[in-house]
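Structure file coords-v7.txt (compact mmCIF, C-alpha atoms and all ligand atoms) is printed below.
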# COMPACT_ATOMS: atom_id res chain seq x y z
CA MET A 1 0.00 0.00 0.00
CA ALA A 2 2.92 2.40 0.61
CA GLU A 3 3.78 2.10 -3.09
CA LEU A 4 0.21 2.79 -4.13
CA LYS A 5 0.06 5.84 -1.94
CA ALA A 6 3.24 7.34 -3.40
CA GLU A 7 2.02 6.72 -6.92
CA TYR A 8 -1.35 8.16 -6.06
CA MET A 9 0.21 11.34 -4.69
CA ILE A 10 2.29 11.89 -7.81
CA THR A 11 -0.79 11.51 -9.99
CA ALA A 12 -2.72 13.98 -7.91
CA LEU A 13 0.06 16.57 -8.00
CA ASP A 14 0.50 16.17 -11.75
CA ASP A 15 -3.19 16.83 -12.17
CA VAL A 16 -3.05 19.95 -10.08
CA ALA A 17 -0.06 21.35 -11.96
CA SER A 18 -1.58 20.74 -15.36
CA ALA A 19 -4.93 22.11 -14.30
CA HIS A 20 -3.32 25.34 -13.14
CA ALA A 21 -1.30 25.60 -16.34
CA GLN A 22 -4.41 25.23 -18.45
CA ALA A 23 -6.54 27.66 -16.51
CA SER A 24 -7.24 30.67 -18.68
CA CYS A 25 -8.58 32.65 -15.72
CA ALA A 26 -5.98 33.18 -13.00
CA LEU A 27 -7.13 32.57 -9.44
CA ASP A 28 -5.07 35.49 -8.09
CA ASP A 29 -7.14 37.92 -10.16
CA TYR A 30 -10.31 36.60 -8.55
CA LEU A 31 -8.91 36.73 -5.03
CA ALA A 32 -8.27 40.46 -5.47
CA MET A 33 -11.96 41.10 -6.18
CA PRO A 34 -14.60 41.83 -3.49
CA ASP A 35 -17.00 39.07 -2.38
CA ASP A 36 -20.11 40.92 -3.52
CA SER A 37 -18.84 41.12 -7.09
CA MET A 38 -18.88 37.33 -7.35
CA ASP A 39 -22.59 36.53 -7.04
CA GLY A 40 -23.53 37.62 -10.56
CA ARG A 41 -20.53 35.87 -12.07
CA ILE A 42 -21.22 32.61 -10.24
CA ALA A 43 -24.88 32.71 -11.25
CA GLU A 44 -24.02 33.38 -14.89
CA ALA A 45 -21.38 30.66 -15.09
CA ARG A 46 -23.74 28.25 -13.32
CA ALA A 47 -26.49 29.03 -15.85
CA ARG A 48 -24.11 28.59 -18.79
CA LEU A 49 -22.96 25.19 -17.53
CA GLY A 50 -26.55 24.02 -17.11
CA LYS A 51 -26.89 20.26 -16.64
CA GLN A 52 -23.21 19.73 -17.39
CA ALA A 53 -22.38 20.62 -13.79
CA ILE A 54 -23.73 19.94 -10.32
CA ILE A 55 -22.67 21.99 -7.30
CA LEU A 56 -22.64 20.14 -3.97
CA GLY A 57 -22.39 22.15 -0.75
CA HIS A 58 -21.57 20.64 2.63
CA HIS A 59 -23.63 21.85 5.59
CA TYR A 60 -20.55 23.53 7.10
CA GLN A 61 -19.90 25.77 4.09
CA ARG A 62 -20.46 29.49 4.40
CA ASP A 63 -23.82 30.93 3.30
CA GLU A 64 -22.28 32.70 0.27
CA ILE A 65 -21.42 29.24 -1.11
CA VAL A 66 -24.43 27.25 0.09
CA ARG A 67 -26.81 29.59 -1.72
CA PHE A 68 -25.41 28.36 -5.05
CA ALA A 69 -25.44 24.66 -4.18
CA ASP A 70 -27.80 22.38 -6.10
CA HIS A 71 -27.76 20.11 -3.06
CA THR A 72 -26.62 20.48 0.53
CA GLY A 73 -25.93 17.69 2.98
CA ASP A 74 -23.36 15.79 5.00
CA SER A 75 -20.49 13.99 3.34
CA TYR A 76 -22.39 10.69 3.00
CA LYS A 77 -25.49 12.26 1.45
CA LEU A 78 -23.40 14.33 -0.94
CA SER A 79 -21.32 11.32 -2.00
CA LYS A 80 -24.47 9.41 -2.86
CA LEU A 81 -25.77 12.42 -4.78
CA ALA A 82 -22.47 12.61 -6.62
CA ALA A 83 -22.85 8.93 -7.58
CA GLN A 84 -26.30 9.66 -9.02
CA ALA A 85 -25.30 12.88 -10.80
CA GLU A 86 -25.49 12.88 -14.58
CA GLY A 87 -23.46 15.95 -15.61
CA ARG A 88 -19.80 15.92 -16.55
CA TYR A 89 -18.63 18.08 -13.66
CA ILE A 90 -19.17 17.62 -9.94
CA VAL A 91 -18.12 20.82 -8.19
CA PHE A 92 -17.68 19.77 -4.57
CA CYS A 93 -17.79 22.60 -2.06
CA GLY A 94 -16.51 20.62 0.88
CA VAL A 95 -13.11 19.25 1.85
CA HIS A 96 -10.57 17.03 0.14
CA PHE A 97 -11.69 13.61 1.41
CA MET A 98 -15.26 14.34 0.28
CA ALA A 99 -14.14 15.17 -3.24
CA GLU A 100 -12.08 11.97 -3.25
CA SER A 101 -15.14 9.94 -2.21
CA ALA A 102 -17.14 11.62 -4.97
CA ASP A 103 -14.47 10.64 -7.50
CA ILE A 104 -14.47 7.05 -6.24
CA LEU A 105 -18.25 6.79 -6.61
CA ALA A 106 -18.58 8.89 -9.79
CA GLN A 107 -19.10 7.50 -13.27
CA PRO A 108 -16.09 7.26 -15.62
CA HIS A 109 -17.08 10.30 -17.71
CA GLN A 110 -17.37 12.59 -14.66
CA GLN A 111 -14.75 14.91 -13.22
CA VAL A 112 -14.71 16.16 -9.65
CA VAL A 113 -13.55 19.69 -8.84
CA LEU A 114 -12.61 21.03 -5.39
CA PRO A 115 -12.64 24.85 -5.71
CA ASP A 116 -9.75 25.28 -3.22
CA LEU A 117 -7.18 22.50 -2.86
CA ASN A 118 -6.27 23.84 0.58
CA ALA A 119 -9.68 22.76 1.85
CA GLY A 120 -8.51 19.69 3.74
CA CYS A 121 -9.73 18.11 6.96
CA SER A 122 -7.57 18.14 10.07
CA MET A 123 -9.08 14.85 11.24
CA ALA A 124 -8.39 13.04 7.96
CA ASP A 125 -4.83 14.39 8.05
CA MET A 126 -4.29 12.75 11.46
CA ALA A 127 -4.14 9.29 9.87
CA ASP A 128 -1.45 9.09 7.23
CA ILE A 129 -1.35 5.84 5.25
CA SER A 130 2.28 5.15 6.22
CA GLN A 131 1.40 5.52 9.92
CA VAL A 132 -1.59 3.20 9.54
CA GLU A 133 0.51 0.61 7.71
CA ALA A 134 3.12 0.76 10.48
CA CYS A 135 0.38 0.30 13.08
CA TRP A 136 -1.05 -2.66 11.20
CA ASP A 137 2.40 -4.27 10.97
CA ARG A 138 2.70 -4.02 14.77
CA LEU A 139 -0.75 -5.52 15.23
CA VAL A 140 0.17 -8.37 12.87
CA ALA A 141 3.41 -8.93 14.80
CA ALA A 142 1.40 -9.00 18.03
CA GLY A 143 -0.71 -11.79 16.55
CA LEU A 144 -3.97 -9.81 16.69
CA THR A 145 -4.87 -10.31 13.03
CA GLN A 146 -4.64 -14.10 13.23
CA ALA A 147 -7.78 -16.22 13.19
CA ALA A 148 -6.61 -17.90 16.41
CA ALA A 149 -6.76 -14.49 18.11
CA GLY A 150 -10.25 -13.87 16.76
CA GLY A 151 -9.20 -11.64 13.86
CA LEU A 152 -8.99 -7.87 13.53
CA MET A 153 -11.23 -5.78 11.27
CA PRO A 154 -10.08 -2.34 10.04
CA LEU A 155 -12.92 0.17 9.93
CA THR A 156 -12.60 3.78 8.85
CA TYR A 157 -14.84 6.78 9.19
CA MET A 158 -15.83 8.48 5.93
CA ASN A 159 -13.61 11.38 7.07
CA SER A 160 -10.38 9.76 5.93
CA THR A 161 -8.22 9.75 2.83
CA ALA A 162 -8.94 7.48 -0.12
CA ALA A 163 -5.73 5.60 0.70
CA ILE A 164 -7.06 4.73 4.18
CA LYS A 165 -10.40 3.63 2.74
CA ALA A 166 -8.52 1.41 0.27
CA PHE A 167 -6.38 0.02 3.11
CA CYS A 168 -9.55 -1.08 4.91
CA GLY A 169 -11.19 -2.47 1.78
CA GLU A 170 -8.14 -4.54 0.90
CA ARG A 171 -8.09 -6.10 4.39
CA GLY A 172 -11.73 -7.10 4.54
CA GLY A 173 -12.91 -3.94 6.32
CA LEU A 174 -15.23 -1.11 5.44
CA VAL A 175 -16.10 2.57 5.68
CA CYS A 176 -18.77 4.00 7.96
CA THR A 177 -20.45 7.34 8.56
CA SER A 178 -21.58 8.90 11.81
CA SER A 179 -25.10 7.59 11.09
CA ASN A 180 -24.22 3.95 10.46
CA ALA A 181 -21.17 3.50 12.71
CA ALA A 182 -23.04 1.14 15.09
CA ALA A 183 -24.19 -1.03 12.16
CA ALA A 184 -20.64 -1.07 10.83
CA PHE A 185 -19.33 -2.16 14.25
CA ARG A 186 -21.89 -5.00 14.32
CA TRP A 187 -20.84 -6.00 10.78
CA ALA A 188 -17.18 -6.03 11.81
CA PHE A 189 -17.76 -7.94 15.05
CA ALA A 190 -19.61 -10.62 13.09
CA ARG A 191 -16.34 -11.19 11.21
CA GLY A 192 -13.63 -10.53 13.77
CA GLN A 193 -13.16 -10.23 17.49
CA ARG A 194 -11.46 -6.84 17.34
CA ILE A 195 -11.81 -3.55 15.46
CA LEU A 196 -9.15 -1.02 14.50
CA PHE A 197 -11.14 2.21 14.15
CA LEU A 198 -9.74 5.12 12.11
CA PRO A 199 -9.27 8.06 12.42
CA ASP A 200 -11.72 9.59 14.95
CA GLN A 201 -11.30 8.30 18.48
CA HIS A 202 -14.46 10.08 19.64
CA LEU A 203 -16.85 8.56 17.09
CA GLY A 204 -15.25 5.18 17.77
CA ARG A 205 -15.51 5.56 21.55
CA ASN A 206 -19.08 6.87 21.44
CA THR A 207 -20.13 3.99 19.19
CA ALA A 208 -18.38 1.33 21.27
CA HIS A 209 -19.77 2.82 24.48
CA GLY A 210 -23.28 2.73 23.00
CA MET A 211 -22.79 -1.00 22.34
CA GLY A 212 -21.85 -1.66 25.95
CA ILE A 213 -18.11 -1.99 25.40
CA SER A 214 -16.25 -0.88 28.53
CA PRO A 215 -13.33 1.60 28.64
CA GLN A 216 -11.05 -1.31 29.64
CA GLU A 217 -11.91 -2.99 26.33
CA MET A 218 -10.84 0.09 24.35
CA ALA A 219 -7.28 1.28 23.73
CA VAL A 220 -6.06 4.42 21.97
CA TRP A 221 -3.26 3.95 19.42
CA ASP A 222 -1.02 7.02 19.33
CA PRO A 223 0.89 6.98 16.01
CA TYR A 224 3.61 9.21 17.51
CA GLN A 225 4.45 6.73 20.32
CA ILE A 226 6.46 3.54 20.04
CA ASN A 227 4.00 0.64 19.63
CA GLY A 228 1.20 3.18 19.73
CA GLY A 229 2.03 3.85 23.39
CA LEU A 230 0.33 0.59 24.35
CA ALA A 231 1.75 -2.24 26.45
CA PRO A 232 1.16 -5.74 24.96
CA GLU A 233 -1.35 -6.70 27.67
CA ARG A 234 -3.37 -3.53 27.06
CA LEU A 235 -3.42 -4.22 23.34
CA HIS A 236 -4.50 -7.84 23.79
CA ALA A 237 -7.30 -6.82 26.17
CA ALA A 238 -8.75 -4.34 23.65
CA ARG A 239 -11.80 -5.20 21.55
CA VAL A 240 -11.67 -1.74 19.95
CA ILE A 241 -8.38 -0.04 19.10
CA LEU A 242 -9.08 3.65 18.54
CA TRP A 243 -6.78 5.74 16.36
CA LYS A 244 -5.72 8.92 18.16
CA GLY A 245 -7.41 11.38 15.83
CA HIS A 246 -10.14 13.92 16.39
CA CYS A 247 -12.10 16.73 14.77
CA SER A 248 -10.68 20.08 15.82
CA VAL A 249 -14.17 21.59 15.60
CA HIS A 250 -16.16 19.06 17.63
CA GLN A 251 -13.49 18.23 20.20
CA ARG A 252 -13.70 21.82 21.43
CA PHE A 253 -17.11 21.23 23.01
CA LEU A 254 -16.80 20.40 26.71
CA PRO A 255 -19.15 18.97 29.34
CA GLU A 256 -19.14 22.34 31.15
CA HIS A 257 -20.66 23.91 28.03
CA VAL A 258 -23.63 21.58 28.47
CA ASP A 259 -23.92 22.46 32.18
CA ARG A 260 -23.70 26.18 31.43
CA VAL A 261 -26.34 26.21 28.72
CA ARG A 262 -28.72 24.10 30.83
CA ALA A 263 -28.32 26.48 33.77
CA LYS A 264 -28.95 29.51 31.57
CA TYR A 265 -31.89 28.08 29.61
CA PRO A 266 -33.85 25.56 31.73
CA GLY A 267 -35.58 22.99 29.55
CA ILE A 268 -33.23 23.45 26.60
CA GLN A 269 -32.51 20.39 24.47
CA VAL A 270 -28.83 19.69 23.95
CA ILE A 271 -27.97 17.77 20.80
CA ALA A 272 -24.47 16.90 19.66
CA HIS A 273 -22.51 15.29 16.86
CA PRO A 274 -20.80 12.00 17.79
CA GLU A 275 -17.42 13.52 16.88
CA CYS A 276 -17.79 15.30 20.25
CA ARG A 277 -16.17 13.82 23.36
CA LEU A 278 -17.93 10.97 25.17
CA GLU A 279 -18.39 13.22 28.23
CA VAL A 280 -20.34 15.73 26.10
CA CYS A 281 -22.41 13.07 24.34
CA GLN A 282 -23.31 11.45 27.67
CA LYS A 283 -24.79 14.73 28.87
CA ALA A 284 -26.67 15.43 25.63
CA ASP A 285 -30.36 14.73 25.01
CA GLY A 286 -29.64 13.51 21.51
CA ILE A 287 -26.63 12.44 19.44
CA GLY A 288 -26.54 12.23 15.68
CA SER A 289 -24.98 13.00 12.32
CA THR A 290 -25.60 16.48 10.92
CA GLU A 291 -28.62 15.13 9.01
CA ARG A 292 -29.98 13.57 12.25
CA LEU A 293 -29.39 16.79 14.22
CA ILE A 294 -31.51 18.64 11.66
CA GLN A 295 -34.23 15.99 12.01
CA PHE A 296 -34.28 16.41 15.80
CA ILE A 297 -35.13 20.08 15.32
CA GLU A 298 -37.59 19.49 12.47
CA GLN A 299 -39.54 16.97 14.55
CA ALA A 300 -39.63 19.02 17.78
CA PRO A 301 -42.78 20.94 18.76
CA THR A 302 -43.00 24.72 18.41
CA GLY A 303 -41.39 26.50 21.32
CA THR A 304 -38.49 24.05 21.71
CA MET A 305 -35.04 25.53 22.20
CA PHE A 306 -31.90 23.67 21.14
CA ALA A 307 -28.20 24.03 21.89
CA VAL A 308 -26.32 22.25 19.13
CA GLY A 309 -22.80 20.87 19.36
CA THR A 310 -21.61 21.13 15.79
CA GLU A 311 -20.07 23.56 13.31
CA ILE A 312 -21.18 27.18 13.66
CA HIS A 313 -22.23 27.86 10.06
CA LEU A 314 -24.77 25.05 10.20
CA VAL A 315 -26.00 26.13 13.65
CA ASN A 316 -26.50 29.73 12.53
CA ARG A 317 -28.30 28.62 9.36
CA LEU A 318 -30.61 26.37 11.42
CA GLY A 319 -31.26 29.27 13.78
CA LYS A 320 -32.48 31.43 10.87
CA ARG A 321 -34.49 28.59 9.30
CA PHE A 322 -36.38 27.58 12.43
CA ALA A 323 -36.96 31.00 14.03
CA PRO A 324 -40.13 31.64 11.96
CA LEU A 325 -41.42 28.23 13.14
CA GLY A 326 -41.06 29.24 16.79
CA LYS A 327 -37.98 27.11 17.53
CA ARG A 328 -34.77 28.62 18.81
CA VAL A 329 -31.38 27.14 17.88
CA ILE A 330 -28.12 28.28 19.47
CA THR A 331 -24.60 26.96 19.58
CA LEU A 332 -23.51 24.84 22.53
CA ASP A 333 -20.45 27.05 22.96
CA ASP A 334 -20.61 30.82 22.52
CA ALA A 335 -17.02 30.85 21.29
CA GLY A 336 -18.40 29.28 18.10
CA CYS A 337 -16.62 26.39 16.46
CA LEU A 338 -15.69 27.10 12.86
CA CYS A 339 -14.30 24.53 10.45
CA THR A 340 -11.49 26.67 9.10
CA THR A 341 -10.71 24.33 6.22
CA MET A 342 -14.31 24.30 4.98
CA PHE A 343 -14.20 28.08 5.26
CA ARG A 344 -11.36 28.23 2.74
CA ILE A 345 -13.74 27.88 -0.19
CA THR A 346 -14.73 31.44 -0.99
CA PRO A 347 -17.06 32.89 -3.62
CA GLN A 348 -13.91 33.82 -5.54
CA HIS A 349 -12.78 30.17 -5.66
CA LEU A 350 -16.21 29.02 -6.78
CA ALA A 351 -16.44 31.71 -9.49
CA TRP A 352 -12.93 30.83 -10.68
CA ALA A 353 -13.70 27.11 -10.88
CA LEU A 354 -17.04 27.60 -12.67
CA GLU A 355 -15.82 30.19 -15.18
CA ASN A 356 -12.90 27.92 -16.06
CA LEU A 357 -15.32 25.05 -16.64
CA VAL A 358 -17.31 27.31 -18.95
CA GLU A 359 -14.04 27.85 -20.87
CA GLY A 360 -13.44 24.09 -20.95
CA ASN A 361 -10.65 24.14 -18.35
CA VAL A 362 -11.03 21.69 -15.50
CA VAL A 363 -9.16 23.25 -12.59
CA ASN A 364 -8.43 21.61 -9.23
CA ARG A 365 -9.58 18.22 -10.42
CA ILE A 366 -9.49 15.55 -7.72
CA ARG A 367 -8.59 12.21 -9.21
CA VAL A 368 -7.95 9.12 -7.11
CA HIS A 369 -5.45 6.62 -8.47
CA GLU A 370 -7.24 3.61 -10.04
CA ASP A 371 -5.63 1.02 -7.72
CA VAL A 372 -6.61 3.04 -4.66
CA LYS A 373 -10.04 3.67 -6.11
CA ARG A 374 -10.70 -0.06 -6.62
CA TRP A 375 -10.18 -1.02 -2.96
CA ALA A 376 -11.74 2.16 -1.60
CA ARG A 377 -14.82 1.39 -3.66
CA VAL A 378 -14.93 -2.10 -2.13
CA ALA A 379 -14.92 -0.55 1.36
CA LEU A 380 -17.61 1.96 0.39
CA ASP A 381 -19.76 -0.71 -1.26
CA ARG A 382 -19.59 -2.82 1.92
CA MET A 383 -20.86 0.21 3.81
CA LEU A 384 -23.75 0.61 1.39
CA GLU A 385 -24.71 -3.05 1.96
CA ILE A 386 -25.13 -2.76 5.72
CA GLN A 387 -28.29 -1.53 7.39
CA GLY A 388 -27.90 1.89 9.03
S1 LIG B 1 -15.72 19.71 10.81
FE1 LIG B 1 -14.01 18.43 11.57
S2 LIG B 1 -14.21 16.43 10.55
FE2 LIG B 1 -15.51 17.94 9.42
S3 LIG B 1 -14.18 18.70 7.77
FE3 LIG B 1 -13.94 20.15 9.48
S4 LIG B 1 -12.15 19.34 10.64
FE4 LIG B 1 -12.84 17.69 9.27
Written as structure tokens, that's how I'd like the structure from this file.
Ligand code: SF4
Amino acid sequence: MAELKAEYMITALDDVASAHAQASCALDDYLAMPDDSMDGRIAEARARLGKQAIILGHHYQRDEIVRFADHTGDSYKLSKLAAQAEGRYIVFCGVHFMAESADILAQPHQQVVLPDLNAGCSMADMADISQVEACWDRLVAAGLTQAAAGGLMPLTYMNSTAAIKAFCGERGGLVCTSSNAAAAFRWAFARGQRILFLPDQHLGRNTAHGMGISPQEMAVWDPYQINGGLAPERLHAARVILWKGHCSVHQRFLPEHVDRVRAKYPGIQVIAHPECRLEVCQKADGIGSTERLIQFIEQAPTGTMFAVGTEIHLVNRLGKRFAPLGKRVITLDDAGCLCTTMFRITPQHLAWALENLVEGNVVNRIRVHEDVKRWARVALDRMLEIQG
């Protein structure tokens, strides 16, 4: 897999270089223009592209981008929409791993564009393929992957690189989302006694906890420590080995934020994303993916007030949407948790990408290497087969 990864990276960089060289409209010129001059240009380019292009906007994108999206959703919903899209271009206003997933699921004639290549994900970046391979080698050496030891199933969250998804697919594992993580755990435990869960320790811990797995049966693998920082007996006692990764947005929410908001607004409903810490999720009234968090609010009676533990752009948008319906939505933490990498996609980047497509230049194309794509697709297909 190390070889595949290196090859994959070279391909991706070649694509980026050639895309920039071909672009007739220079990004720097756009970045010098004011935001409010972009709306008309985006709308015109969008209209000229017609059915050739689809714009997907993640819930955490800024309003100036979301207003031009043909569809909004979480990464799973958008990936499925990308797979069903018919146009030639899928313009993905999200982060890098989402555009990769779209490319894996897209049809051969389709091209996926990420308007700013700097829009990464700090969580996905916390599990590098070479680190994961080194971890796996240690687990093999410790005998944990052997049938006699009950077997070990690698399972990765959608928020990971294509190389990590392929790693899991090649070793009999699968991908999961925050909405079907429990089903994915059940699938994995039907095939092995242990799970290696990548890259979000909090989603893994929350899911395992919800299935009755005790803290003593979980261990956290730190890729920056020798042997993951785990003694052999700790490793052998673990049913779930959690990768030491986290979301920089959701990890910021603390149990005291829940206590504070409950004291200030008696009767408030606290709902949180499972990328939040276990201590926060345990205090919450509801836990769910971004799509599920929205459902909680939709289904609540008029007059309900919610404090939501997720990204601030989505929380603010929900606040505006539900205010006329008599429901109040605030953030769990007044400091506001912004996904800075999602925020990198500006109206200027979107205008630049669309106007280049109008000119026939595909800029910032995200293309996953075919060998990586094959195994990543296997892991994604296994996910689609399980019941959420
Ligand atoms: S909110 Fe967290 S997990 Fe989602 S893209 Fe941003 S850093 Fe990554």
Per residue of chain A within 6 Å of ligand LIG 1 (chain B), which atom pair is closest and at what distance in Å (one decimal), using all atoms listed in the file, listed by chain and increasing number, as CSV?
residue,atom,partner,partner_atom,distance
A:Cys121,CA,B:LIG1,FE4,3.9
A:Ser122,CA,B:LIG1,S4,4.8
A:Met123,CA,B:LIG1,FE4,5.1
A:Cys247,CA,B:LIG1,FE1,4.1
A:Ser248,CA,B:LIG1,S4,5.4
A:Val249,CA,B:LIG1,FE1,5.1
A:Cys339,CA,B:LIG1,FE3,4.5
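Distances here use all atoms listed in the file; by that measure, the residue among A:Val113, A:Ala83, A:Leu155, A:Ile164 closest to A:Val95 is A:Val113.
Considering the residues A:Ile366, A:Met218, A:Leu380, A:Ala32 and counting only C-alpha atoms, A:Gln111 has its shortest atom-to-atom contact with A:Ile366.
Restricting the calculation to only C-alpha atoms, the smallest distance between A:Gly303 and any of A:Cys25, A:Ala47, A:Cys93, A:Ile268 is found for A:Ile268.
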For A:Gln251, list every protein, DNA or RNA residue within 10 Å, evaluated using all atoms listed in the file, and leave out those in the same chain fewer than 3 positions away; present the list as a PDB file with C-alpha atoms, in the frame of the given file.
ATOM      1  CA  HIS A 202     -14.460  10.080  19.640  1.00  0.00           C
ATOM      2  CA  HIS A 246     -10.140  13.920  16.390  1.00  0.00           C
ATOM      3  CA  CYS A 247     -12.100  16.730  14.770  1.00  0.00           C
ATOM      4  CA  SER A 248     -10.680  20.080  15.820  1.00  0.00           C
ATOM      5  CA  LEU A 254     -16.800  20.400  26.710  1.00  0.00           C
ATOM      6  CA  PRO A 274     -20.800  12.000  17.790  1.00  0.00           C
ATOM      7  CA  GLU A 275     -17.420  13.520  16.880  1.00  0.00           C
ATOM      8  CA  CYS A 276     -17.790  15.300  20.250  1.00  0.00           C
ATOM      9  CA  ARG A 277     -16.170  13.820  23.360  1.00  0.00           C
ATOM     10  CA  LEU A 278     -17.930  10.970  25.170  1.00  0.00           C
ATOM     11  CA  VAL A 280     -20.340  15.730  26.100  1.00  0.00           C
ATOM     12  CA  GLY A 309     -22.800  20.870  19.360  1.00  0.00           C
ATOM     13  CA  THR A 310     -21.610  21.130  15.790  1.00  0.00           C
ATOM     14  CA  CYS A 337     -16.620  26.390  16.460  1.00  0.00           C
TER      15      CYS A 337
END
At a cut-off of 12 Å, using only C-alpha atoms, what residues contact A:Phe189? Leave out same-chain residues fewer than 4 positions from it and give the result as a ChimeraX atom specification. /A:150-155,173,182-185,193-196,208,211,213,239-240
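By all atoms listed in the file, and with residues fewer than 3 positions from stretch 99-110 of chain A along its chain excluded, the set lying at most 8 Å from it is A:Leu78, A:Ser79, A:Lys80, A:Ala82, A:Ala83, A:Gln84, A:Ala85, A:Gly87, A:Arg88, A:Tyr89, A:Ile90, A:Phe92, A:Gly94, A:Val95, A:His96, A:Val113, A:Leu114, A:Thr161, A:Ala162, A:Ile366, A:Arg367, A:Val368, A:Lys373, A:Ala376, A:Arg377.
Distances from A:Ala219, A:Gly192, A:Thr304, A:Ile386 to A:Ala147 were compared using all atoms listed in the file, and the smallest one belongs to A:Gly192.
Counting only C-alpha atoms and comparing A:Lys320, A:Leu242, A:Gln225, A:Arg328, the residue that lies closest to A:Gln269 is A:Arg328.
From atom CA of A:Trp243 back to atom CA of A:Thr177, the distance works out to 15.8 Å.
Note that the spacing between atom CA of A:Gly57 and atom CA of A:Gly73 amounts to 6.8 Å.
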Mind pulling up the distance from atom CA of A:Trp187 to atom CA of A:Thr145? 16.7 Å
Which residue is closest to A:Cys168? Choose from A:Gln299, A:Thr207, A:Thr156, A:Ser75 and count only C-alpha atoms. A:Thr156
Non-local contacts of stretch 282-284 of chain A (7 Å; only C-alpha atoms; under 5 positions in same chain excluded) as a PDB file with C-alpha atoms, in the coordinates of the input:
ATOM      1  CA  VAL A 258     -23.630  21.580  28.470  1.00  0.00           C
ATOM      2  CA  VAL A 270     -28.830  19.690  23.950  1.00  0.00           C
ATOM      3  CA  ILE A 271     -27.970  17.770  20.800  1.00  0.00           C
ATOM      4  CA  ALA A 272     -24.470  16.900  19.660  1.00  0.00           C
TER       5      ALA A 272
END
List every protein, DNA or RNA residue that has an atom no more than 10 Å from (-17.4, 23.3, 5.8) in the file's coordinate frame, counting all atoms listed in the file, and report them as a ChimeraX atom specification. /A:57-62,65-66,74,93-95,119-121,311-314,338-345
Can those selected residues be exported to a file as a PDB file, in the coordinates of the input so that it contains C-alpha atoms?
ATOM      1  CA  GLY A  57     -22.390  22.150  -0.750  1.00  0.00           C
ATOM      2  CA  HIS A  58     -21.570  20.640   2.630  1.00  0.00           C
ATOM      3  CA  HIS A  59     -23.630  21.850   5.590  1.00  0.00           C
ATOM      4  CA  TYR A  60     -20.550  23.530   7.100  1.00  0.00           C
ATOM      5  CA  GLN A  61     -19.900  25.770   4.090  1.00  0.00           C
ATOM      6  CA  ARG A  62     -20.460  29.490   4.400  1.00  0.00           C
ATOM      7  CA  ILE A  65     -21.420  29.240  -1.110  1.00  0.00           C
ATOM      8  CA  VAL A  66     -24.430  27.250   0.090  1.00  0.00           C
ATOM      9  CA  ASP A  74     -23.360  15.790   5.000  1.00  0.00           C
ATOM     10  CA  CYS A  93     -17.790  22.600  -2.060  1.00  0.00           C
ATOM     11  CA  GLY A  94     -16.510  20.620   0.880  1.00  0.00           C
ATOM     12  CA  VAL A  95     -13.110  19.250   1.850  1.00  0.00           C
ATOM     13  CA  ALA A 119      -9.680  22.760   1.850  1.00  0.00           C
ATOM     14  CA  GLY A 120      -8.510  19.690   3.740  1.00  0.00           C
ATOM     15  CA  CYS A 121      -9.730  18.110   6.960  1.00  0.00           C
ATOM     16  CA  GLU A 311     -20.070  23.560  13.310  1.00  0.00           C
ATOM     17  CA  ILE A 312     -21.180  27.180  13.660  1.00  0.00           C
ATOM     18  CA  HIS A 313     -22.230  27.860  10.060  1.00  0.00           C
ATOM     19  CA  LEU A 314     -24.770  25.050  10.200  1.00  0.00           C
ATOM     20  CA  LEU A 338     -15.690  27.100  12.860  1.00  0.00           C
ATOM     21  CA  CYS A 339     -14.300  24.530  10.450  1.00  0.00           C
ATOM     22  CA  THR A 340     -11.490  26.670   9.100  1.00  0.00           C
ATOM     23  CA  THR A 341     -10.710  24.330   6.220  1.00  0.00           C
ATOM     24  CA  MET A 342     -14.310  24.300   4.980  1.00  0.00           C
ATOM     25  CA  PHE A 343     -14.200  28.080   5.260  1.00  0.00           C
ATOM     26  CA  ARG A 344     -11.360  28.230   2.740  1.00  0.00           C
ATOM     27  CA  ILE A 345     -13.740  27.880  -0.190  1.00  0.00           C
TER      28      ILE A 345
END
